[in-house]
>>> print(open('query20.txt').read())   # compact mmCIF, N, CA and C atoms
# COMPACT_ATOMS: atom_id res chain seq x y z
N MET A 1312 0.84 -1.18 0.00
CA MET A 1312 0.00 0.00 0.00
C MET A 1312 0.89 1.24 0.00
N LYS A 1313 0.48 2.25 -0.73
CA LYS A 1313 1.23 3.50 -0.79
C LYS A 1313 0.36 4.63 -0.27
N LEU A 1314 0.95 5.50 0.55
CA LEU A 1314 0.28 6.69 1.06
C LEU A 1314 1.06 7.90 0.57
N THR A 1315 0.42 8.71 -0.26
CA THR A 1315 1.08 9.87 -0.85
C THR A 1315 0.62 11.14 -0.13
N PHE A 1316 1.58 11.97 0.24
CA PHE A 1316 1.28 13.24 0.89
C PHE A 1316 1.53 14.39 -0.08
N GLN A 1317 0.73 15.43 0.04
CA GLN A 1317 0.95 16.67 -0.69
C GLN A 1317 1.20 17.77 0.34
N LYS A 1318 2.31 18.51 0.16
CA LYS A 1318 2.58 19.66 1.02
C LYS A 1318 1.76 20.83 0.48
N LEU A 1319 0.89 21.34 1.33
CA LEU A 1319 0.02 22.44 0.92
C LEU A 1319 0.63 23.81 1.15
N ARG A 1320 1.65 23.85 2.02
CA ARG A 1320 2.35 25.11 2.25
C ARG A 1320 3.73 24.87 2.84
N GLU A 1321 4.51 25.91 2.78
CA GLU A 1321 5.88 25.84 3.30
C GLU A 1321 5.84 25.53 4.79
N GLY A 1322 6.75 24.72 5.24
CA GLY A 1322 6.83 24.35 6.65
C GLY A 1322 6.14 23.05 6.97
N ALA A 1323 5.40 22.48 6.03
CA ALA A 1323 4.74 21.20 6.26
C ALA A 1323 5.81 20.11 6.35
N VAL A 1324 5.61 19.20 7.29
CA VAL A 1324 6.55 18.10 7.52
C VAL A 1324 5.87 16.79 7.13
N VAL A 1325 6.43 16.10 6.15
CA VAL A 1325 5.89 14.80 5.75
C VAL A 1325 6.26 13.78 6.82
N PRO A 1326 5.25 13.10 7.39
CA PRO A 1326 5.55 12.15 8.47
C PRO A 1326 6.19 10.87 7.95
N ALA A 1327 6.91 10.22 8.82
CA ALA A 1327 7.54 8.93 8.52
C ALA A 1327 7.61 8.15 9.82
N PRO A 1328 7.55 6.83 9.75
CA PRO A 1328 7.69 6.02 10.98
C PRO A 1328 9.05 6.28 11.63
N ALA A 1329 9.07 6.37 12.96
CA ALA A 1329 10.32 6.61 13.68
C ALA A 1329 11.22 5.39 13.67
N THR A 1330 10.61 4.20 13.70
CA THR A 1330 11.37 2.95 13.66
C THR A 1330 10.67 2.00 12.70
N LYS A 1331 11.31 0.90 12.36
CA LYS A 1331 10.69 -0.04 11.44
C LYS A 1331 9.48 -0.75 12.05
N ALA A 1332 9.35 -0.72 13.37
CA ALA A 1332 8.21 -1.36 14.02
C ALA A 1332 7.17 -0.35 14.52
N SER A 1333 7.31 0.91 14.14
CA SER A 1333 6.34 1.93 14.57
C SER A 1333 4.97 1.63 13.98
N ALA A 1334 3.93 1.79 14.81
CA ALA A 1334 2.56 1.60 14.34
C ALA A 1334 2.06 2.83 13.59
N GLY A 1335 2.59 3.99 13.94
CA GLY A 1335 2.12 5.23 13.34
C GLY A 1335 3.25 6.18 13.02
N MET A 1336 2.86 7.38 12.61
CA MET A 1336 3.80 8.43 12.24
C MET A 1336 3.34 9.72 12.88
N ASP A 1337 4.27 10.53 13.34
CA ASP A 1337 3.91 11.78 13.99
C ASP A 1337 3.56 12.86 12.96
N LEU A 1338 2.47 13.57 13.24
CA LEU A 1338 2.08 14.74 12.44
C LEU A 1338 2.56 15.98 13.16
N SER A 1339 3.02 16.95 12.40
CA SER A 1339 3.57 18.18 12.97
C SER A 1339 2.71 19.39 12.66
N ALA A 1340 2.72 20.35 13.57
CA ALA A 1340 1.98 21.60 13.39
C ALA A 1340 2.64 22.42 12.28
N CYS A 1341 1.83 22.90 11.35
CA CYS A 1341 2.32 23.78 10.28
C CYS A 1341 1.67 25.15 10.50
N ILE A 1342 2.32 25.95 11.35
CA ILE A 1342 1.80 27.25 11.73
C ILE A 1342 2.90 28.29 11.57
N THR A 1343 2.49 29.53 11.36
CA THR A 1343 3.47 30.61 11.19
C THR A 1343 3.76 31.35 12.48
N GLU A 1344 2.89 31.17 13.47
CA GLU A 1344 3.14 31.74 14.79
C GLU A 1344 2.60 30.79 15.85
N ASP A 1345 3.12 30.90 17.06
CA ASP A 1345 2.69 30.03 18.15
C ASP A 1345 1.17 30.12 18.35
N VAL A 1346 0.59 29.00 18.76
CA VAL A 1346 -0.84 28.95 19.09
C VAL A 1346 -0.96 28.64 20.58
N VAL A 1347 -1.60 29.55 21.31
CA VAL A 1347 -1.80 29.35 22.74
C VAL A 1347 -3.07 28.53 22.92
N LEU A 1348 -2.94 27.47 23.69
CA LEU A 1348 -4.07 26.59 23.99
C LEU A 1348 -4.40 26.76 25.47
N PRO A 1349 -5.41 27.60 25.77
CA PRO A 1349 -5.77 27.84 27.17
C PRO A 1349 -6.32 26.57 27.83
N PRO A 1350 -6.32 26.51 29.16
CA PRO A 1350 -6.86 25.35 29.87
C PRO A 1350 -8.30 25.05 29.42
N HIS A 1351 -8.57 23.78 29.17
CA HIS A 1351 -9.91 23.27 28.86
C HIS A 1351 -10.49 23.84 27.57
N GLU A 1352 -9.65 24.27 26.66
CA GLU A 1352 -10.12 24.78 25.37
C GLU A 1352 -9.57 23.96 24.22
N ILE A 1353 -10.18 24.17 23.05
CA ILE A 1353 -9.83 23.43 21.84
C ILE A 1353 -9.31 24.41 20.81
N ARG A 1354 -8.27 24.00 20.08
CA ARG A 1354 -7.78 24.77 18.95
C ARG A 1354 -7.55 23.79 17.79
N ILE A 1355 -7.90 24.22 16.59
CA ILE A 1355 -7.66 23.43 15.39
C ILE A 1355 -6.27 23.80 14.87
N ILE A 1356 -5.40 22.81 14.76
CA ILE A 1356 -4.02 23.03 14.34
C ILE A 1356 -3.82 22.39 12.96
N PRO A 1357 -3.44 23.19 11.97
CA PRO A 1357 -3.20 22.64 10.63
C PRO A 1357 -1.86 21.92 10.55
N THR A 1358 -1.79 20.94 9.65
CA THR A 1358 -0.53 20.22 9.41
C THR A 1358 0.12 20.64 8.10
N GLY A 1359 -0.63 21.34 7.25
CA GLY A 1359 -0.09 21.73 5.94
C GLY A 1359 -0.01 20.57 4.96
N LEU A 1360 -0.68 19.46 5.27
CA LEU A 1360 -0.61 18.26 4.43
C LEU A 1360 -2.00 17.78 4.03
N SER A 1361 -2.08 17.20 2.86
CA SER A 1361 -3.22 16.37 2.49
C SER A 1361 -2.64 15.00 2.13
N ALA A 1362 -3.49 13.99 2.11
CA ALA A 1362 -3.00 12.62 1.90
C ALA A 1362 -3.91 11.85 0.97
N ALA A 1363 -3.32 10.89 0.25
CA ALA A 1363 -4.08 10.04 -0.66
C ALA A 1363 -3.56 8.61 -0.57
N PRO A 1364 -4.31 7.73 0.13
CA PRO A 1364 -3.94 6.31 0.08
C PRO A 1364 -4.28 5.76 -1.30
N ASP A 1365 -3.55 4.76 -1.75
CA ASP A 1365 -3.79 4.22 -3.09
C ASP A 1365 -4.87 3.13 -3.10
N THR A 1366 -5.61 3.02 -2.00
CA THR A 1366 -6.70 2.06 -1.91
C THR A 1366 -7.83 2.67 -1.08
N ASP A 1367 -9.07 2.25 -1.35
CA ASP A 1367 -10.22 2.78 -0.62
C ASP A 1367 -10.57 1.98 0.62
N ASP A 1368 -9.88 0.88 0.89
CA ASP A 1368 -10.26 0.04 2.03
C ASP A 1368 -9.40 0.31 3.27
N VAL A 1369 -8.99 1.57 3.44
CA VAL A 1369 -8.27 1.99 4.64
C VAL A 1369 -8.83 3.33 5.11
N MET A 1370 -8.54 3.65 6.35
CA MET A 1370 -8.78 4.99 6.87
C MET A 1370 -7.49 5.46 7.51
N LEU A 1371 -7.36 6.75 7.65
CA LEU A 1371 -6.24 7.32 8.38
C LEU A 1371 -6.78 7.73 9.74
N MET A 1372 -6.19 7.21 10.78
CA MET A 1372 -6.66 7.48 12.14
C MET A 1372 -5.70 8.42 12.85
N LEU A 1373 -6.24 9.47 13.45
CA LEU A 1373 -5.44 10.40 14.24
C LEU A 1373 -5.60 10.05 15.71
N CYS A 1374 -4.47 9.92 16.39
CA CYS A 1374 -4.47 9.60 17.82
C CYS A 1374 -3.58 10.60 18.55
N ALA A 1375 -3.84 10.74 19.84
CA ALA A 1375 -3.00 11.62 20.67
C ALA A 1375 -1.59 11.05 20.79
N ARG A 1376 -0.64 11.92 20.99
CA ARG A 1376 0.72 11.48 21.30
C ARG A 1376 0.79 11.26 22.81
N SER A 1377 1.29 10.12 23.23
CA SER A 1377 1.27 9.78 24.65
C SER A 1377 2.06 10.76 25.50
N GLY A 1378 3.17 11.26 25.00
CA GLY A 1378 3.97 12.22 25.78
C GLY A 1378 3.22 13.51 26.05
N LEU A 1379 2.53 14.03 25.04
CA LEU A 1379 1.74 15.26 25.23
C LEU A 1379 0.58 15.01 26.19
N ALA A 1380 -0.05 13.84 26.07
CA ALA A 1380 -1.19 13.52 26.93
C ALA A 1380 -0.77 13.33 28.38
N CYS A 1381 0.28 12.56 28.61
CA CYS A 1381 0.70 12.24 29.98
C CYS A 1381 1.38 13.40 30.68
N ARG A 1382 2.20 14.13 29.96
CA ARG A 1382 2.96 15.21 30.59
C ARG A 1382 2.20 16.52 30.67
N TYR A 1383 1.36 16.81 29.66
CA TYR A 1383 0.74 18.13 29.58
C TYR A 1383 -0.79 18.11 29.51
N GLY A 1384 -1.40 16.93 29.43
CA GLY A 1384 -2.85 16.86 29.34
C GLY A 1384 -3.41 17.26 27.99
N ILE A 1385 -2.60 17.13 26.93
CA ILE A 1385 -3.02 17.52 25.59
C ILE A 1385 -3.48 16.29 24.83
N GLY A 1386 -4.73 16.28 24.41
CA GLY A 1386 -5.29 15.17 23.66
C GLY A 1386 -6.05 15.68 22.45
N LEU A 1387 -6.80 14.80 21.83
CA LEU A 1387 -7.61 15.19 20.69
C LEU A 1387 -9.03 15.46 21.17
N ALA A 1388 -9.64 16.52 20.67
CA ALA A 1388 -10.98 16.91 21.11
C ALA A 1388 -12.00 15.83 20.79
N ASN A 1389 -11.81 15.11 19.70
CA ASN A 1389 -12.75 14.07 19.31
C ASN A 1389 -12.29 12.68 19.73
N GLY A 1390 -11.32 12.60 20.61
CA GLY A 1390 -10.81 11.30 21.07
C GLY A 1390 -9.91 10.66 20.04
N VAL A 1391 -10.49 10.28 18.92
CA VAL A 1391 -9.76 9.71 17.79
C VAL A 1391 -10.32 10.36 16.54
N GLY A 1392 -9.44 10.82 15.68
CA GLY A 1392 -9.89 11.40 14.41
C GLY A 1392 -9.88 10.37 13.31
N ILE A 1393 -10.87 10.44 12.43
CA ILE A 1393 -10.95 9.51 11.31
C ILE A 1393 -10.94 10.31 10.02
N ILE A 1394 -10.01 9.94 9.14
CA ILE A 1394 -9.91 10.57 7.82
C ILE A 1394 -10.25 9.51 6.79
N ASP A 1395 -11.33 9.73 6.06
CA ASP A 1395 -11.75 8.78 5.03
C ASP A 1395 -10.74 8.74 3.88
N ALA A 1396 -10.65 7.59 3.24
CA ALA A 1396 -9.68 7.38 2.16
C ALA A 1396 -9.88 8.35 0.99
N ASP A 1397 -11.10 8.86 0.81
CA ASP A 1397 -11.36 9.76 -0.32
C ASP A 1397 -11.28 11.24 0.04
N TYR A 1398 -10.89 11.58 1.26
CA TYR A 1398 -10.74 12.99 1.66
C TYR A 1398 -9.41 13.52 1.16
N ARG A 1399 -9.44 14.67 0.51
CA ARG A 1399 -8.21 15.25 -0.04
C ARG A 1399 -7.91 16.64 0.50
N GLY A 1400 -8.65 17.08 1.51
CA GLY A 1400 -8.39 18.38 2.12
C GLY A 1400 -7.24 18.32 3.10
N GLU A 1401 -6.95 19.46 3.69
CA GLU A 1401 -5.86 19.53 4.66
C GLU A 1401 -6.19 18.73 5.91
N ILE A 1402 -5.21 18.01 6.40
CA ILE A 1402 -5.33 17.30 7.66
C ILE A 1402 -5.11 18.31 8.78
N CYS A 1403 -6.11 18.48 9.62
CA CYS A 1403 -6.01 19.36 10.78
C CYS A 1403 -6.27 18.55 12.03
N VAL A 1404 -5.73 19.00 13.14
CA VAL A 1404 -5.83 18.27 14.40
C VAL A 1404 -6.54 19.17 15.41
N ALA A 1405 -7.63 18.67 15.99
CA ALA A 1405 -8.37 19.40 17.03
C ALA A 1405 -7.76 19.04 18.38
N LEU A 1406 -6.87 19.90 18.87
CA LEU A 1406 -6.21 19.64 20.15
C LEU A 1406 -7.05 20.18 21.30
N LEU A 1407 -7.12 19.41 22.37
CA LEU A 1407 -7.84 19.79 23.58
C LEU A 1407 -6.86 19.83 24.75
N ASN A 1408 -6.85 20.96 25.45
CA ASN A 1408 -6.02 21.09 26.63
C ASN A 1408 -6.86 20.68 27.84
N GLN A 1409 -6.60 19.49 28.36
CA GLN A 1409 -7.36 18.96 29.49
C GLN A 1409 -6.75 19.35 30.83
N SER A 1410 -5.71 20.17 30.80
CA SER A 1410 -5.03 20.55 32.03
C SER A 1410 -5.53 21.92 32.52
N ASP A 1411 -4.99 22.35 33.64
CA ASP A 1411 -5.31 23.67 34.18
C ASP A 1411 -4.24 24.70 33.84
N LYS A 1412 -3.30 24.32 32.96
CA LYS A 1412 -2.21 25.22 32.57
C LYS A 1412 -2.26 25.48 31.07
N GLU A 1413 -1.90 26.66 30.69
CA GLU A 1413 -1.80 27.04 29.28
C GLU A 1413 -0.72 26.19 28.59
N PHE A 1414 -0.96 25.83 27.34
CA PHE A 1414 0.01 25.07 26.55
C PHE A 1414 0.24 25.82 25.24
N VAL A 1415 1.48 25.87 24.80
CA VAL A 1415 1.81 26.59 23.57
C VAL A 1415 2.25 25.60 22.50
N VAL A 1416 1.57 25.64 21.35
CA VAL A 1416 1.93 24.83 20.20
C VAL A 1416 2.85 25.67 19.32
N THR A 1417 3.99 25.11 18.96
CA THR A 1417 4.96 25.84 18.13
C THR A 1417 5.07 25.19 16.75
N ALA A 1418 5.59 25.95 15.81
CA ALA A 1418 5.77 25.45 14.45
C ALA A 1418 6.65 24.19 14.46
N GLY A 1419 6.21 23.16 13.77
CA GLY A 1419 6.97 21.93 13.67
C GLY A 1419 6.79 20.97 14.83
N MET A 1420 6.06 21.39 15.88
CA MET A 1420 5.83 20.51 17.03
C MET A 1420 5.04 19.28 16.58
N ARG A 1421 5.44 18.12 17.05
CA ARG A 1421 4.71 16.88 16.74
C ARG A 1421 3.48 16.83 17.64
N ILE A 1422 2.29 16.86 17.02
CA ILE A 1422 1.05 17.06 17.78
C ILE A 1422 0.09 15.87 17.79
N ALA A 1423 0.28 14.91 16.91
CA ALA A 1423 -0.63 13.76 16.84
C ALA A 1423 0.07 12.62 16.11
N GLN A 1424 -0.52 11.44 16.23
CA GLN A 1424 -0.04 10.29 15.48
C GLN A 1424 -1.03 9.96 14.37
N LEU A 1425 -0.50 9.55 13.23
CA LEU A 1425 -1.31 9.13 12.10
C LEU A 1425 -1.08 7.64 11.91
N ILE A 1426 -2.18 6.86 11.90
CA ILE A 1426 -2.10 5.41 11.76
C ILE A 1426 -3.00 5.00 10.61
N VAL A 1427 -2.49 4.15 9.72
CA VAL A 1427 -3.29 3.61 8.62
C VAL A 1427 -3.98 2.35 9.12
N VAL A 1428 -5.32 2.32 8.98
CA VAL A 1428 -6.11 1.21 9.52
C VAL A 1428 -6.97 0.62 8.41
N PRO A 1429 -6.94 -0.72 8.24
CA PRO A 1429 -7.82 -1.34 7.25
C PRO A 1429 -9.29 -1.23 7.65
N ILE A 1430 -10.15 -1.14 6.66
CA ILE A 1430 -11.59 -1.01 6.89
C ILE A 1430 -12.30 -2.20 6.24
N ILE A 1431 -13.23 -2.77 6.97
CA ILE A 1431 -14.11 -3.81 6.41
C ILE A 1431 -15.52 -3.22 6.42
N MET A 1432 -16.07 -2.96 5.26
CA MET A 1432 -17.41 -2.40 5.17
C MET A 1432 -18.41 -3.55 5.04
N PRO A 1433 -19.33 -3.68 6.01
CA PRO A 1433 -20.25 -4.81 6.01
C PRO A 1433 -21.42 -4.60 5.05
N GLU A 1434 -22.05 -5.70 4.70
CA GLU A 1434 -23.34 -5.64 4.02
C GLU A 1434 -24.37 -5.34 5.12
N ILE A 1435 -25.20 -4.34 4.94
CA ILE A 1435 -26.16 -3.94 5.96
C ILE A 1435 -27.46 -4.72 5.78
N CYS A 1436 -27.93 -5.34 6.87
CA CYS A 1436 -29.16 -6.13 6.84
C CYS A 1436 -30.04 -5.70 8.01
N THR A 1437 -31.31 -6.05 7.96
CA THR A 1437 -32.21 -5.86 9.09
C THR A 1437 -32.86 -7.20 9.41
N ALA A 1438 -33.34 -7.33 10.67
CA ALA A 1438 -33.99 -8.57 11.10
C ALA A 1438 -34.98 -8.25 12.20
N GLU A 1439 -35.96 -9.11 12.39
CA GLU A 1439 -36.94 -8.97 13.48
C GLU A 1439 -36.29 -9.28 14.83
N THR A 1440 -35.34 -10.23 14.85
CA THR A 1440 -34.63 -10.61 16.07
C THR A 1440 -33.16 -10.84 15.72
N LEU A 1441 -32.33 -10.82 16.74
CA LEU A 1441 -30.90 -11.10 16.57
C LEU A 1441 -30.57 -12.40 17.30
N THR A 1442 -29.45 -13.00 16.97
CA THR A 1442 -29.05 -14.24 17.62
C THR A 1442 -28.82 -14.00 19.11
N GLU A 1443 -29.11 -15.00 19.91
CA GLU A 1443 -28.91 -14.92 21.36
C GLU A 1443 -27.43 -15.10 21.69
N THR A 1444 -26.98 -14.40 22.75
CA THR A 1444 -25.61 -14.55 23.24
C THR A 1444 -25.64 -14.67 24.76
N GLU A 1445 -24.53 -15.07 25.35
CA GLU A 1445 -24.45 -15.18 26.80
C GLU A 1445 -24.67 -13.81 27.45
N ARG A 1446 -24.13 -12.76 26.87
CA ARG A 1446 -24.26 -11.42 27.43
C ARG A 1446 -25.65 -10.83 27.19
N GLY A 1447 -26.22 -11.12 26.06
CA GLY A 1447 -27.54 -10.59 25.74
C GLY A 1447 -27.53 -9.08 25.64
N ALA A 1448 -28.48 -8.42 26.27
CA ALA A 1448 -28.61 -6.97 26.21
C ALA A 1448 -27.94 -6.27 27.38
N GLY A 1449 -27.11 -7.00 28.14
CA GLY A 1449 -26.42 -6.40 29.28
C GLY A 1449 -25.57 -5.23 28.83
N GLY A 1450 -25.78 -4.09 29.42
CA GLY A 1450 -25.11 -2.86 29.00
C GLY A 1450 -23.86 -2.53 29.80
N PHE A 1451 -23.66 -1.24 30.02
CA PHE A 1451 -22.46 -0.76 30.70
C PHE A 1451 -22.25 -1.45 32.03
N GLY A 1452 -21.09 -2.05 32.21
CA GLY A 1452 -20.73 -2.69 33.49
C GLY A 1452 -21.34 -4.05 33.71
N SER A 1453 -22.05 -4.58 32.73
CA SER A 1453 -22.74 -5.85 32.94
C SER A 1453 -21.78 -7.04 33.04
N THR A 1454 -20.54 -6.86 32.60
CA THR A 1454 -19.57 -7.97 32.71
C THR A 1454 -18.61 -7.76 33.88
N GLY A 1455 -18.86 -6.74 34.70
CA GLY A 1455 -18.01 -6.47 35.86
C GLY A 1455 -17.11 -5.27 35.65
N ILE A 1456 -16.26 -5.07 36.62
CA ILE A 1456 -15.35 -3.91 36.56
C ILE A 1456 -14.05 -4.32 35.94
>>> encode(input="query20.txt", output="structure tokens")
Amino acid sequence: MKLTFQKLREGAVVPAPATKASAGMDLSACITEDVVLPPHEIRIIPTGLSAAPDTDDVMLMLCARSGLACRYGIGLANGVGIIDADYRGEICVALLNQSDKEFVVTAGMRIAQLIVVPIIMPEICTAETLTETERGAGGFGSTGI
């Protein structure tokens, strides 16, 4: 599978795996001036990149970087971002400051991870009843803590 990136503006950093066993690649902020992220607020940070996988049966998943999350409380506003294989616009990252301290995003800062994930699109069906299972309709916490 090939993933092609287009640099949309100067300063965009094309991601690459850090090691041969890396699951993802770091995306970097493509900004011309620092962005202040106040406590408990969200800012959309551009990467200056668009992407095109050479197949339609994948998605690009955006995940938080563990170092930013653990050390500074910086995560993604939507938990996990999903980029459809046919999207060709700029990849932007909705960062959420979950801490009580201001955080500053600088140009080139690695702000998220990009992971290529295979997609299986099911045939959609309807039925009057579903097959029985041991769990049944047991909801949140029904299997214990």
>>> atom_distance(input="query20.txt", atom1="CA of Arg1399 in chain A", atom2="CA of Ala1327 in chain A")
19.0 Å
>>> atom_distance(input="query20.txt", atom1="atom N of Cys1381 in chain A", atom2="atom C of Ile1402 in chain A")
21.3 Å
>>> atom_distance(input="query20.txt", atom1="CA of Asp1411 in chain A", atom2="CA of Ile1385 in chain A")
10.8 Å
>>> closest_residue(input="query20.txt", among="A:His1351, A:Lys1412, A:Lys1313, A:Arg1382", to="Asp1365 in chain A", atoms="all atoms listed in the file")
A:Lys1313
>>> closest_residue(input="query20.txt", among="A:Leu1407, A:Ala1323, A:Val1391, A:Leu1371", to="Ile1342 in chain A", atoms="all atoms listed in the file")
A:Ala1323
>>> closest_residue(input="query20.txt", among="A:Gly1335, A:Gly1378, A:Gly1452, A:Gly1400", to="Ile1426 in chain A", atoms="all atoms listed in the file")
A:Gly1335
>>> residues_near_point(input="query20.txt", point="(0.9, 19.8, 8.6)", cutoff="8 Å", atoms="all atoms listed in the file", output="list in words")
Lys1318, Leu1319, Arg1320, Gly1322, Ala1323, Val1324, Val1325, Leu1338, Ser1339, Ala1340, Cys1341, Ile1342, Ile1356, Pro1357, Thr1358, Gly1359, Leu1360, Ser1361, Glu1401, Ile1402 and Cys1403 of chain A
>>> closest_residue(input="query20.txt", among="A:Asn1408, A:Asp1345, A:Asn1389, A:Gln1424", to="Ser1377 in chain A", atoms="all atoms listed in the file")
A:Gln1424
